[in-house]
>>> print(open('target_34.txt').read())   # compact mmCIF, C-alpha atoms and all ligand atoms
# COMPACT_ATOMS: atom_id res chain seq x y z
CA MET A 1 -13.33 -4.41 42.04
CA SER A 2 -16.89 -3.19 41.92
CA TYR A 3 -18.07 0.05 40.42
CA GLY A 4 -21.49 -0.09 42.09
CA THR A 5 -24.65 0.27 40.09
CA GLY A 6 -26.10 3.28 38.36
CA LEU A 7 -24.61 6.53 37.22
CA ALA A 8 -24.07 7.82 40.74
CA ALA A 9 -21.20 5.38 41.10
CA LEU A 10 -19.44 6.96 38.15
CA THR A 11 -17.27 9.47 39.87
CA ALA A 12 -15.17 11.85 37.83
CA GLU A 13 -12.11 10.30 39.41
CA ARG A 14 -12.98 6.89 37.98
CA ILE A 15 -13.57 8.30 34.51
CA TRP A 16 -10.25 10.08 34.61
CA LYS A 17 -8.50 6.89 35.56
CA GLY A 18 -9.54 5.57 32.14
CA VAL A 19 -11.98 2.89 33.30
CA CYS A 20 -13.73 1.52 30.20
CA LEU A 21 -17.47 1.20 30.68
CA MET A 22 -18.25 -0.26 27.31
CA LYS A 23 -17.31 -3.33 25.38
CA VAL A 24 -15.13 -3.54 22.31
CA SER A 25 -16.86 -5.17 19.33
CA GLN A 26 -15.83 -8.59 18.07
CA ARG A 27 -15.19 -6.95 14.70
CA ALA A 28 -12.67 -4.52 16.11
CA LYS A 29 -11.08 -7.19 18.29
CA ALA A 30 -10.47 -9.32 15.21
CA VAL A 31 -8.29 -6.65 13.59
CA ALA A 32 -4.68 -7.65 14.12
CA PRO A 33 -2.51 -5.13 15.92
CA SER A 34 0.23 -3.86 13.67
CA ALA A 35 3.09 -6.34 13.84
CA THR A 36 5.43 -3.63 12.58
CA LEU A 37 4.56 -1.27 15.39
CA ALA A 38 6.98 -2.81 17.88
CA VAL A 39 9.95 -2.00 15.62
CA THR A 40 8.60 1.46 14.75
CA ASN A 41 8.00 2.34 18.39
CA ARG A 42 11.39 1.05 19.46
CA ALA A 43 13.08 3.07 16.67
CA LYS A 44 11.33 6.16 17.97
CA GLU A 45 12.38 5.40 21.54
CA LEU A 46 16.02 5.09 20.45
CA LYS A 47 15.81 8.34 18.46
CA ASP A 48 14.30 10.09 21.49
CA GLN A 49 17.33 8.93 23.48
CA GLY A 50 19.54 10.75 20.95
CA ILE A 51 20.64 7.59 19.11
CA ASP A 52 21.24 8.06 15.39
CA VAL A 53 18.81 5.54 13.88
CA VAL A 54 18.68 5.07 10.09
CA GLY A 55 15.03 4.48 9.15
CA PHE A 56 14.12 2.27 6.20
CA GLY A 57 10.53 1.91 7.33
CA ALA A 58 8.86 4.78 5.46
CA GLY A 59 5.95 3.93 3.18
CA GLU A 60 5.86 7.39 1.68
CA PRO A 61 8.01 9.43 -0.70
CA ASP A 62 10.54 11.64 1.06
CA PHE A 63 9.84 14.50 -1.39
CA ASP A 64 7.53 17.36 -0.55
CA THR A 65 4.25 17.74 -2.46
CA PRO A 66 5.09 19.76 -5.60
CA ASP A 67 4.39 23.50 -5.27
CA TYR A 68 1.93 23.69 -8.15
CA ILE A 69 -0.34 21.29 -6.24
CA LYS A 70 -0.05 23.21 -2.97
CA GLU A 71 -0.83 26.43 -4.82
CA ALA A 72 -3.99 24.93 -6.28
CA ALA A 73 -5.13 23.96 -2.76
CA ILE A 74 -4.41 27.45 -1.45
CA LYS A 75 -6.33 28.98 -4.37
CA ALA A 76 -9.28 26.68 -3.68
CA LEU A 77 -9.26 27.67 0.00
CA LYS A 78 -9.16 31.37 -0.88
CA GLU A 79 -12.06 30.85 -3.27
CA GLY A 80 -14.10 29.37 -0.44
CA LYS A 81 -13.98 25.75 -1.59
CA THR A 82 -14.53 24.70 1.99
CA LYS A 83 -18.00 23.14 2.03
CA TYR A 84 -19.46 19.68 1.40
CA THR A 85 -19.24 18.35 -2.13
CA PRO A 86 -21.03 15.36 -3.67
CA ALA A 87 -19.92 12.40 -1.54
CA SER A 88 -18.25 10.59 -4.45
CA GLY A 89 -16.20 13.65 -5.41
CA ILE A 90 -16.69 16.81 -7.44
CA PRO A 91 -17.72 16.21 -11.06
CA GLU A 92 -14.59 18.03 -12.35
CA LEU A 93 -12.29 15.65 -10.46
CA ARG A 94 -14.19 12.56 -11.56
CA ALA A 95 -13.98 13.86 -15.12
CA ALA A 96 -10.21 14.42 -14.72
CA ILE A 97 -9.80 10.87 -13.41
CA ALA A 98 -11.94 9.50 -16.27
CA LYS A 99 -9.72 11.37 -18.74
CA LYS A 100 -6.54 10.06 -17.08
CA LEU A 101 -7.82 6.48 -17.13
CA GLU A 102 -8.81 6.78 -20.78
CA THR A 103 -5.67 8.46 -22.11
CA GLU A 104 -3.06 6.75 -19.93
CA ASN A 105 -4.63 3.38 -19.19
CA GLY A 106 -6.98 2.78 -22.14
CA LEU A 107 -9.98 2.45 -19.81
CA LYS A 108 -13.25 4.17 -20.69
CA TYR A 109 -15.37 4.89 -17.62
CA LYS A 110 -18.41 7.14 -17.20
CA PRO A 111 -18.39 9.50 -14.19
CA GLU A 112 -20.82 7.25 -12.27
CA GLN A 113 -18.25 4.48 -12.57
CA ILE A 114 -15.74 6.48 -10.52
CA VAL A 115 -15.69 7.26 -6.79
CA VAL A 116 -13.06 9.47 -5.18
CA ASN A 117 -12.06 7.98 -1.83
CA ILE A 118 -10.27 9.27 1.23
CA GLY A 119 -6.91 7.72 0.35
CA GLY A 120 -6.07 4.46 -1.37
CA LYS A 121 -6.56 2.56 1.88
CA HIS A 122 -10.16 3.74 1.98
CA SER A 123 -10.59 2.57 -1.63
CA VAL A 124 -9.48 -0.92 -0.58
CA TYR A 125 -11.79 -1.01 2.43
CA GLU A 126 -14.83 0.38 0.60
CA ALA A 127 -14.34 -1.82 -2.47
CA MET A 128 -14.30 -4.93 -0.27
CA GLN A 129 -17.36 -3.76 1.66
CA ALA A 130 -19.18 -3.30 -1.65
CA VAL A 131 -18.27 -6.66 -3.18
CA LEU A 132 -17.71 -9.22 -0.44
CA ASP A 133 -20.18 -11.11 1.73
CA PRO A 134 -19.46 -13.15 4.85
CA GLY A 135 -18.05 -16.51 3.83
CA ASP A 136 -16.62 -15.26 0.54
CA GLU A 137 -13.00 -16.09 -0.10
CA VAL A 138 -10.35 -13.62 -1.15
CA LEU A 139 -7.33 -14.93 -3.07
CA LEU A 140 -4.31 -13.04 -1.84
CA PRO A 141 -0.85 -13.52 -3.35
CA ALA A 142 1.94 -13.24 -0.76
CA PRO A 143 3.86 -11.10 -0.08
CA TYR A 144 0.93 -8.72 0.33
CA TRP A 145 0.31 -5.27 1.69
CA VAL A 146 -0.69 -5.67 5.35
CA THR A 147 -4.05 -3.91 4.96
CA TYR A 148 -5.57 -6.39 2.49
CA PRO A 149 -6.22 -9.30 4.89
CA GLU A 150 -7.57 -6.96 7.56
CA ALA A 151 -9.94 -5.22 5.13
CA ALA A 152 -11.11 -8.61 3.84
CA GLY A 153 -11.75 -9.75 7.41
CA LEU A 154 -13.76 -6.62 8.14
CA ALA A 155 -15.99 -7.52 5.18
CA GLY A 156 -16.51 -10.99 6.73
CA ALA A 157 -14.46 -12.73 4.06
CA THR A 158 -11.82 -15.39 4.56
CA VAL A 159 -8.39 -15.12 2.98
CA LYS A 160 -6.64 -17.81 0.96
CA VAL A 161 -2.96 -16.92 0.68
CA LEU A 162 -1.18 -17.85 -2.55
CA GLU A 163 2.47 -18.36 -1.67
CA THR A 164 5.22 -17.18 -3.99
CA ASP A 165 8.99 -17.08 -3.75
CA LYS A 166 12.09 -15.68 -5.33
CA SER A 167 12.20 -18.40 -8.01
CA ASN A 168 9.25 -16.67 -9.72
CA SER A 169 10.16 -13.12 -8.61
CA TYR A 170 7.42 -13.32 -5.97
CA LYS A 171 4.61 -13.54 -8.53
CA ILE A 172 1.81 -16.11 -8.81
CA THR A 173 1.52 -18.34 -11.87
CA PRO A 174 -1.63 -19.03 -13.93
CA ASP A 175 -1.51 -22.66 -12.86
CA GLN A 176 -1.32 -21.72 -9.21
CA LEU A 177 -4.31 -19.40 -9.63
CA LYS A 178 -6.33 -22.08 -11.42
CA LYS A 179 -5.72 -24.56 -8.59
CA ALA A 180 -6.57 -21.97 -5.93
CA ILE A 181 -9.98 -20.98 -7.29
CA GLY A 182 -12.77 -22.71 -5.39
CA PRO A 183 -16.55 -22.36 -5.11
CA LYS A 184 -16.27 -19.55 -2.58
CA SER A 185 -13.57 -17.55 -4.35
CA ALA A 186 -15.02 -14.09 -4.89
CA MET A 187 -12.01 -11.81 -5.35
CA LEU A 188 -8.39 -11.88 -6.44
CA ILE A 189 -6.19 -9.06 -5.20
CA LEU A 190 -3.46 -7.88 -7.54
CA ASN A 191 -0.97 -5.18 -6.60
CA SER A 192 1.54 -4.51 -9.33
CA PRO A 193 4.02 -2.89 -8.77
CA SER A 194 3.75 -4.23 -5.27
CA ASN A 195 4.26 -3.26 -1.69
CA PRO A 196 6.40 -4.77 -0.10
CA GLY A 197 8.74 -5.71 -2.96
CA GLY A 198 8.18 -3.53 -6.01
CA PHE A 199 7.42 -6.73 -7.96
CA THR A 200 5.67 -5.98 -11.26
CA TYR A 201 3.79 -8.43 -13.49
CA THR A 202 4.54 -8.17 -17.20
CA PRO A 203 1.58 -7.59 -19.53
CA ASP A 204 1.88 -11.21 -20.71
CA GLU A 205 1.87 -12.54 -17.16
CA LEU A 206 -1.28 -10.54 -16.41
CA ARG A 207 -2.90 -11.70 -19.65
CA ALA A 208 -2.33 -15.32 -18.62
CA LEU A 209 -3.92 -14.69 -15.20
CA ALA A 210 -6.89 -12.94 -16.86
CA LYS A 211 -7.43 -15.98 -19.08
CA VAL A 212 -7.68 -18.23 -16.01
CA LEU A 213 -10.39 -16.01 -14.55
CA GLU A 214 -12.64 -16.18 -17.61
CA GLY A 215 -15.79 -18.11 -16.84
CA THR A 216 -15.34 -17.82 -13.05
CA ASN A 217 -17.10 -15.59 -10.51
CA VAL A 218 -13.86 -14.06 -9.30
CA ALA A 219 -13.68 -10.26 -9.26
CA VAL A 220 -10.29 -8.56 -9.41
CA MET A 221 -9.19 -5.74 -7.17
CA SER A 222 -6.24 -4.23 -9.04
CA ASP A 223 -4.37 -1.84 -6.77
CA GLU A 224 -2.34 0.31 -9.15
CA ILE A 225 -1.14 2.92 -6.69
CA TYR A 226 2.55 2.46 -7.71
CA GLU A 227 1.73 2.57 -11.44
CA LYS A 228 3.96 5.56 -12.19
CA LEU A 229 6.97 4.41 -10.19
CA ILE A 230 8.45 1.81 -12.52
CA TYR A 231 12.08 1.25 -13.46
CA GLY A 232 14.26 -0.02 -16.28
CA ASP A 233 12.28 -1.44 -19.19
CA THR A 234 9.29 -2.35 -16.99
CA LYS A 235 5.95 -1.90 -18.73
CA PHE A 236 2.82 -1.09 -16.80
CA ILE A 237 -0.62 -2.16 -17.95
CA SER A 238 -3.93 -1.88 -16.09
CA PHE A 239 -5.51 -5.27 -15.50
CA ALA A 240 -8.87 -3.95 -16.70
CA ALA A 241 -7.30 -3.00 -20.04
CA LEU A 242 -6.38 -6.59 -20.88
CA SER A 243 -9.73 -7.68 -22.34
CA GLU A 244 -13.45 -6.98 -22.18
CA ASP A 245 -13.81 -9.83 -19.68
CA ALA A 246 -11.09 -8.33 -17.47
CA PHE A 247 -12.67 -4.86 -17.74
CA ASN A 248 -16.01 -6.18 -16.54
CA ARG A 249 -14.65 -8.05 -13.51
CA THR A 250 -12.08 -5.51 -12.30
CA LEU A 251 -12.06 -2.68 -9.82
CA THR A 252 -9.18 -0.37 -10.64
CA LEU A 253 -7.79 1.31 -7.54
CA ASN A 254 -5.36 4.17 -7.58
CA GLY A 255 -4.53 7.29 -5.63
CA LEU A 256 -2.39 10.38 -5.40
CA SER A 257 -0.37 9.50 -2.28
CA LYS A 258 2.64 7.87 -3.90
CA THR A 259 2.61 9.36 -7.40
CA TYR A 260 2.46 12.99 -6.28
CA SER A 261 3.94 12.65 -2.81
CA MET A 262 0.54 13.50 -1.33
CA THR A 263 0.24 10.91 1.44
CA GLY A 264 -1.24 13.38 3.90
CA TRP A 265 -3.86 14.72 1.52
CA ARG A 266 -5.86 11.48 1.59
CA LEU A 267 -6.95 11.04 -2.00
CA GLY A 268 -7.62 7.73 -3.68
CA TYR A 269 -10.09 6.57 -6.28
CA THR A 270 -11.86 3.49 -7.59
CA ALA A 271 -13.26 2.80 -11.06
CA GLY A 272 -15.19 -0.24 -12.25
CA PRO A 273 -18.53 -1.78 -13.12
CA VAL A 274 -21.37 0.67 -12.50
CA ASP A 275 -23.36 -1.47 -10.00
CA VAL A 276 -20.39 -1.85 -7.67
CA LEU A 277 -19.39 1.80 -7.96
CA LYS A 278 -22.97 2.84 -7.18
CA ALA A 279 -22.80 0.60 -4.10
CA MET A 280 -19.50 2.20 -3.08
CA ALA A 281 -21.05 5.64 -3.53
CA ARG A 282 -23.94 4.64 -1.23
CA LEU A 283 -21.53 3.36 1.41
CA GLN A 284 -19.44 6.51 1.16
CA ASP A 285 -22.57 8.68 1.54
CA HIS A 286 -23.01 7.33 5.04
CA MET A 287 -19.45 6.48 6.05
CA THR A 288 -17.36 9.51 5.30
CA SER A 289 -19.12 11.85 2.84
CA ASN A 290 -16.78 13.63 0.46
CA PRO A 291 -12.98 13.68 0.42
CA VAL A 292 -11.60 17.01 1.71
CA THR A 293 -13.00 19.68 -0.60
CA PHE A 294 -9.95 21.84 -1.30
CA ALA A 295 -7.78 18.71 -1.64
CA GLN A 296 -10.04 17.60 -4.49
CA TYR A 297 -9.28 20.82 -6.36
CA ALA A 298 -5.57 20.25 -5.73
CA ALA A 299 -5.98 16.74 -7.17
CA ILE A 300 -7.30 18.17 -10.44
CA ALA A 301 -4.20 20.37 -10.65
CA ALA A 302 -1.93 17.45 -9.68
CA MET A 303 -3.13 15.43 -12.68
CA GLY A 304 -2.90 18.44 -14.99
CA PRO A 305 -0.23 19.48 -17.50
CA GLN A 306 2.61 19.75 -14.94
CA SER A 307 2.07 16.17 -13.80
CA ALA A 308 4.47 14.33 -16.09
CA GLU A 309 7.49 16.47 -15.21
CA ALA A 310 6.80 16.36 -11.46
CA ILE A 311 6.49 12.57 -11.46
CA GLU A 312 9.52 12.00 -13.67
CA LYS A 313 11.77 13.93 -11.30
CA MET A 314 10.85 11.64 -8.42
CA ARG A 315 10.87 8.49 -10.54
CA ILE A 316 14.42 9.09 -11.76
CA GLU A 317 15.66 9.56 -8.21
CA PHE A 318 13.85 6.42 -6.99
CA GLU A 319 15.26 4.40 -9.88
CA LYS A 320 18.81 5.42 -8.95
CA ARG A 321 18.21 4.44 -5.34
CA ALA A 322 16.56 1.12 -6.31
CA ARG A 323 19.61 0.13 -8.32
CA TYR A 324 22.04 1.19 -5.60
CA MET A 325 20.17 -0.50 -2.76
CA THR A 326 19.73 -3.73 -4.71
CA ASP A 327 23.42 -3.88 -5.61
CA ARG A 328 24.49 -3.20 -2.05
CA LEU A 329 22.10 -5.80 -0.59
CA ARG A 330 23.19 -8.41 -3.13
CA ALA A 331 26.80 -7.87 -2.12
CA MET A 332 26.01 -8.70 1.52
CA LYS A 333 26.68 -12.14 2.92
CA GLY A 334 23.56 -14.33 3.05
CA VAL A 335 21.25 -11.74 1.47
CA GLU A 336 19.32 -12.38 -1.75
CA CYS A 337 17.50 -9.49 -3.33
CA THR A 338 15.16 -9.57 -6.31
CA GLU A 339 15.48 -6.21 -8.03
CA PRO A 340 12.39 -4.04 -7.55
CA THR A 341 10.88 -3.10 -10.91
CA GLY A 342 8.60 -0.53 -9.29
CA ALA A 343 7.43 1.15 -6.04
CA PHE A 344 10.11 2.16 -3.51
CA TYR A 345 10.96 -0.95 -1.54
CA CYS A 346 13.54 -3.73 -1.57
CA PHE A 347 12.38 -7.00 -0.04
CA PRO A 348 15.50 -9.14 0.40
CA ASP A 349 15.51 -12.72 1.64
CA VAL A 350 17.71 -12.79 4.75
CA SER A 351 16.71 -16.27 5.92
CA ALA A 352 20.26 -17.59 5.43
CA HIS A 353 21.00 -15.85 8.74
CA TYR A 354 18.18 -17.52 10.68
CA GLY A 355 19.58 -19.80 13.34
CA ARG A 356 22.59 -17.51 13.93
CA THR A 357 23.09 -15.58 17.15
CA PHE A 358 23.78 -11.86 16.94
CA GLY A 359 24.87 -10.06 20.10
CA GLY A 360 23.33 -12.76 22.27
CA LEU A 361 20.00 -12.82 20.37
CA LYS A 362 19.17 -15.96 18.41
CA ILE A 363 17.51 -15.07 15.11
CA THR A 364 14.57 -17.33 14.34
CA GLY A 365 12.67 -15.17 11.85
CA SER A 366 12.16 -11.71 10.39
CA MET A 367 10.84 -10.21 13.66
CA ASP A 368 14.05 -11.15 15.53
CA PHE A 369 16.18 -10.07 12.59
CA ALA A 370 14.58 -6.62 12.46
CA LYS A 371 14.79 -6.29 16.24
CA ALA A 372 18.47 -7.22 16.41
CA LEU A 373 19.38 -5.00 13.45
CA LEU A 374 17.68 -2.09 15.16
CA GLU A 375 19.12 -2.67 18.63
CA GLN A 376 22.63 -3.57 17.54
CA ALA A 377 23.22 -1.57 14.35
CA ASN A 378 20.55 1.13 14.75
CA VAL A 379 18.97 0.39 11.38
CA ALA A 380 15.15 0.22 11.29
CA VAL A 381 13.61 -2.16 8.72
CA VAL A 382 10.17 -3.76 8.55
CA PRO A 383 9.99 -7.52 9.18
CA GLY A 384 8.49 -9.59 6.35
CA LEU A 385 6.20 -11.66 8.58
CA PRO A 386 3.20 -9.27 8.51
CA PHE A 387 3.52 -9.18 4.70
CA GLY A 388 3.20 -12.98 4.64
CA CYS A 389 6.92 -13.71 3.99
CA ASP A 390 8.93 -14.45 7.10
CA LYS A 391 12.14 -15.03 5.14
CA ASN A 392 12.34 -11.40 4.10
CA ILE A 393 12.60 -7.87 5.41
CA ARG A 394 11.38 -4.66 3.78
CA LEU A 395 13.65 -1.67 3.26
CA SER A 396 12.13 1.50 1.83
CA PHE A 397 14.39 3.64 -0.33
CA ALA A 398 12.13 6.65 0.12
CA THR A 399 14.93 8.30 2.05
CA SER A 400 18.05 10.23 0.99
CA MET A 401 21.03 8.58 -0.69
CA ALA A 402 23.16 9.64 2.29
CA GLN A 403 20.85 7.79 4.70
CA ILE A 404 20.66 4.78 2.40
CA THR A 405 24.44 4.57 2.21
CA LYS A 406 24.85 4.97 5.95
CA GLY A 407 22.18 2.39 6.78
CA LEU A 408 23.49 -0.19 4.32
CA ASP A 409 27.08 0.32 5.54
CA ARG A 410 25.90 -0.44 9.07
CA MET A 411 23.87 -3.47 7.99
CA GLU A 412 26.76 -4.90 5.97
CA LYS A 413 29.16 -4.50 8.86
CA TRP A 414 26.65 -6.05 11.28
CA LEU A 415 26.04 -9.08 9.06
CA GLY A 416 29.72 -9.56 8.34
C1 LIG A 501 -0.20 -1.22 -2.05
C2 LIG A 501 -0.79 -0.01 -1.42
N1 LIG A 501 -2.04 0.31 -1.69
C3 LIG A 501 -2.64 1.37 -1.15
C4 LIG A 501 -1.97 2.17 -0.27
C5 LIG A 501 -2.73 3.31 0.35
O1 LIG A 501 -2.20 4.53 0.26
P1 LIG A 501 -2.97 5.79 0.83
O2 LIG A 501 -4.06 5.33 1.71
O3 LIG A 501 -1.95 6.57 1.55
O4 LIG A 501 -3.50 6.53 -0.37
C6 LIG A 501 -0.65 1.87 0.09
C7 LIG A 501 0.09 2.65 1.09
O5 LIG A 501 1.07 2.27 1.67
C8 LIG A 501 -0.04 0.76 -0.52
O6 LIG A 501 1.23 0.41 -0.24
>>> encode(input="target_34.txt", output="structure tokens")
Amino acid sequence: MSYGTGLAALTAERIWKGVCLMKVSQRAKAVAPSATLAVTNRAKELKDQGIDVVGFGAGEPDFDTPDYIKEAAIKALKEGKTKYTPASGIPELRAAIAKKLETENGLKYKPEQIVVNIGGKHSVYEAMQAVLDPGDEVLLPAPYWVTYPEAAGLAGATVKVLETDKSNSYKITPDQLKKAIGPKSAMLILNSPSNPGGFTYTPDELRALAKVLEGTNVAVMSDEIYEKLIYGDTKFISFAALSEDAFNRTLTLNGLSKTYSMTGWRLGYTAGPVDVLKAMARLQDHMTSNPVTFAQYAAIAAMGPQSAEAIEKMRIEFEKRARYMTDRLRAMKGVECTEPTGAFYCFPDVSAHYGRTFGGLKITGSMDFAKALLEQANVAVVPGLPFGCDKNIRLSFATSMAQITKGLDRMEKWLG
């Protein structure tokens, strides 16, 4: 088909038919399409047909944002806090974050060492853009949050995956890290508690990893977004708080999405060595400018005196669900589940069922498993493959106890 030459050939009809008259960049083409989307879309299709699907896919708390935070945003709007702010965030918010990091995490940062980002995902992207060069290598323990490899790729870096398994509760060992570090290793990503499994490193385990990094050129990106959602006798410690060496090589990432049920507000932040944070501020100046102005005022309120009570209410509920879901999964035939010590996900190993045929569909991996579970039992889970662990599936317990019970009943019956 020819479109002729020159603008005259561009009829309105052709534009409306969606003809693309430009190329797509190699950079954008290299970004993997979401491997979870097929299941999510199919779940939506089934729901639209009136089928009662139980969804365990959610990556966000099912609670509403607490009222005191909403009220602070409304107040800010009424006061006309609707204009540009400094691109890295208003000084009052950066001061509030500095205070939080000092009192809760034992980390002393100056305001210029903190940038407020547009969600934790933006923190990840911008941090990698500020630190990584093409050809650098990122050490990524699996299972990993799906955004990390894509963000590393967008910075031109290559990814070296560090495999883990249930024998070590899906955590890397110091020895494994030592062997993985090579001349091009520029960054280690740590996410504790983790998405997709709620796996949390103990302070001693982190200390041992920090020791391995001493004397190397490896920076650490410590994504601490699930810091407040920890269960049982789990202890949280910021990687940067482990030693002076760790402090100087670590970017501490956090955000308000999970802790305050503020996923839609888009607020994250990064703290770390001043040169890198200044570079992030420069990038942000030209990429996005400031996070939403009135949301920044709400963030100050979120971290204020009512914070502890608001978080504890959610945490207690999540802890109850974590226990229940783990017990139920463990009781199912051919399912092994490491108990989540944080976050709001279970990540059971279901590979004992691979090779079986369910309702005419042979299960060869987590994609088939999730597909069959959705089609045949109307339970939506996320396959482990895009998280780097094809033996597992991810179930979020950020949904009501009634839904959790119903979904697990269906899954148990289906597997049995
Ligand atoms: C490990 C981890 N880091 C960061 C984020 C980013 O959260 P947001 O961009 O909503 O603040 C998420 C969200 O799912 C996550 O799971």
>>> residues_around(input="target_34.txt", residues="range 181-184 of chain A", least_positions_apart="6", cutoff="9 Å", atoms="all atoms listed in the file", output="VMD selection string")
chain A and resid 135 to 139 213 216 to 218
>>> residues_around(input="target_34.txt", residues="Pro273 in chain A", least_positions_apart="2", cutoff="9 Å", atoms="all atoms listed in the file", output="list in words")
Tyr109, Gln113, Phe247, Asn248, Arg249, Thr250, Leu251, Ala271, Asp275, Val276, Leu277 and Lys278 of chain A
>>> closest_atom_pairs(input="target_34.txt", of="range 16-67 of chain A", to="range 342-353 of chain A", cutoff="10 Å", atoms="all atoms listed in the file", output="CSV")
residue,atom,partner,partner_atom,distance
A:Phe56,CA,A:Tyr345,CA,9.0
A:Gly57,CA,A:Tyr345,CA,9.3
A:Ala58,CA,A:Tyr345,CA,9.3
A:Gly59,CA,A:Phe344,CA,8.1
A:Glu60,CA,A:Phe344,CA,8.5
A:Pro61,CA,A:Phe344,CA,8.1
>>> residues_near_ligand(input="target_34.txt", ligand="ligand LIG 501 (chain A)", cutoff="10 Å", atoms="all atoms listed in the file", output="MDAnalysis selection string")
chainID A and resid 58:60 117:124 144:148 190:196 198 222:226 253:259 261:269 343:345
>>> residues_near_point(input="target_34.txt", point="(14.6, -18.1, 11.5)", cutoff="12 Å", atoms="all atoms listed in the file", output="list in words")
Asp349, Val350, Ser351, Ala352, His353, Tyr354, Gly355, Arg356, Thr357, Leu361, Lys362, Ile363, Thr364, Gly365, Ser366, Met367, Asp368, Phe369, Ala370, Pro383, Gly384, Leu385, Cys389, Asp390, Lys391 and Asn392 of chain A
>>> residues_around(input="target_34.txt", residues="range 38-42 of chain A", least_positions_apart="4", cutoff="10 Å", atoms="all atoms listed in the file", output="PyMOL selection string")
chain A and resi 33-34+46-48+55+57-58+367+370-371+374-375+380-383
>>> atom_distance(input="target_34.txt", atom1="CA of Asp64 in chain A", atom2="CA of Ala310 in chain A")
11.0 Å
>>> atom_distance(input="target_34.txt", atom1="CA of Asp165 in chain A", atom2="CA of Glu205 in chain A")
15.8 Å
>>> closest_residue(input="target_34.txt", among="A:Phe387, A:Asp409, A:Lys110, A:Phe199", to="Gly272 in chain A", atoms="all atoms listed in the file")
A:Lys110
>>> residues_around(input="target_34.txt", residues="Glu319 in chain A", least_positions_apart="6", cutoff="12 Å", atoms="all atoms listed in the file", output="count of residues only")
23
>>> closest_residue(input="target_34.txt", among="A:Ala72, A:Met280, A:Ala308, A:Val161", to="Ile114 in chain A", atoms="only C-alpha atoms")
A:Met280
>>> atom_distance(input="target_34.txt", atom1="CA of Glu244 in chain A", atom2="CA of Glu92 in chain A")
26.9 Å
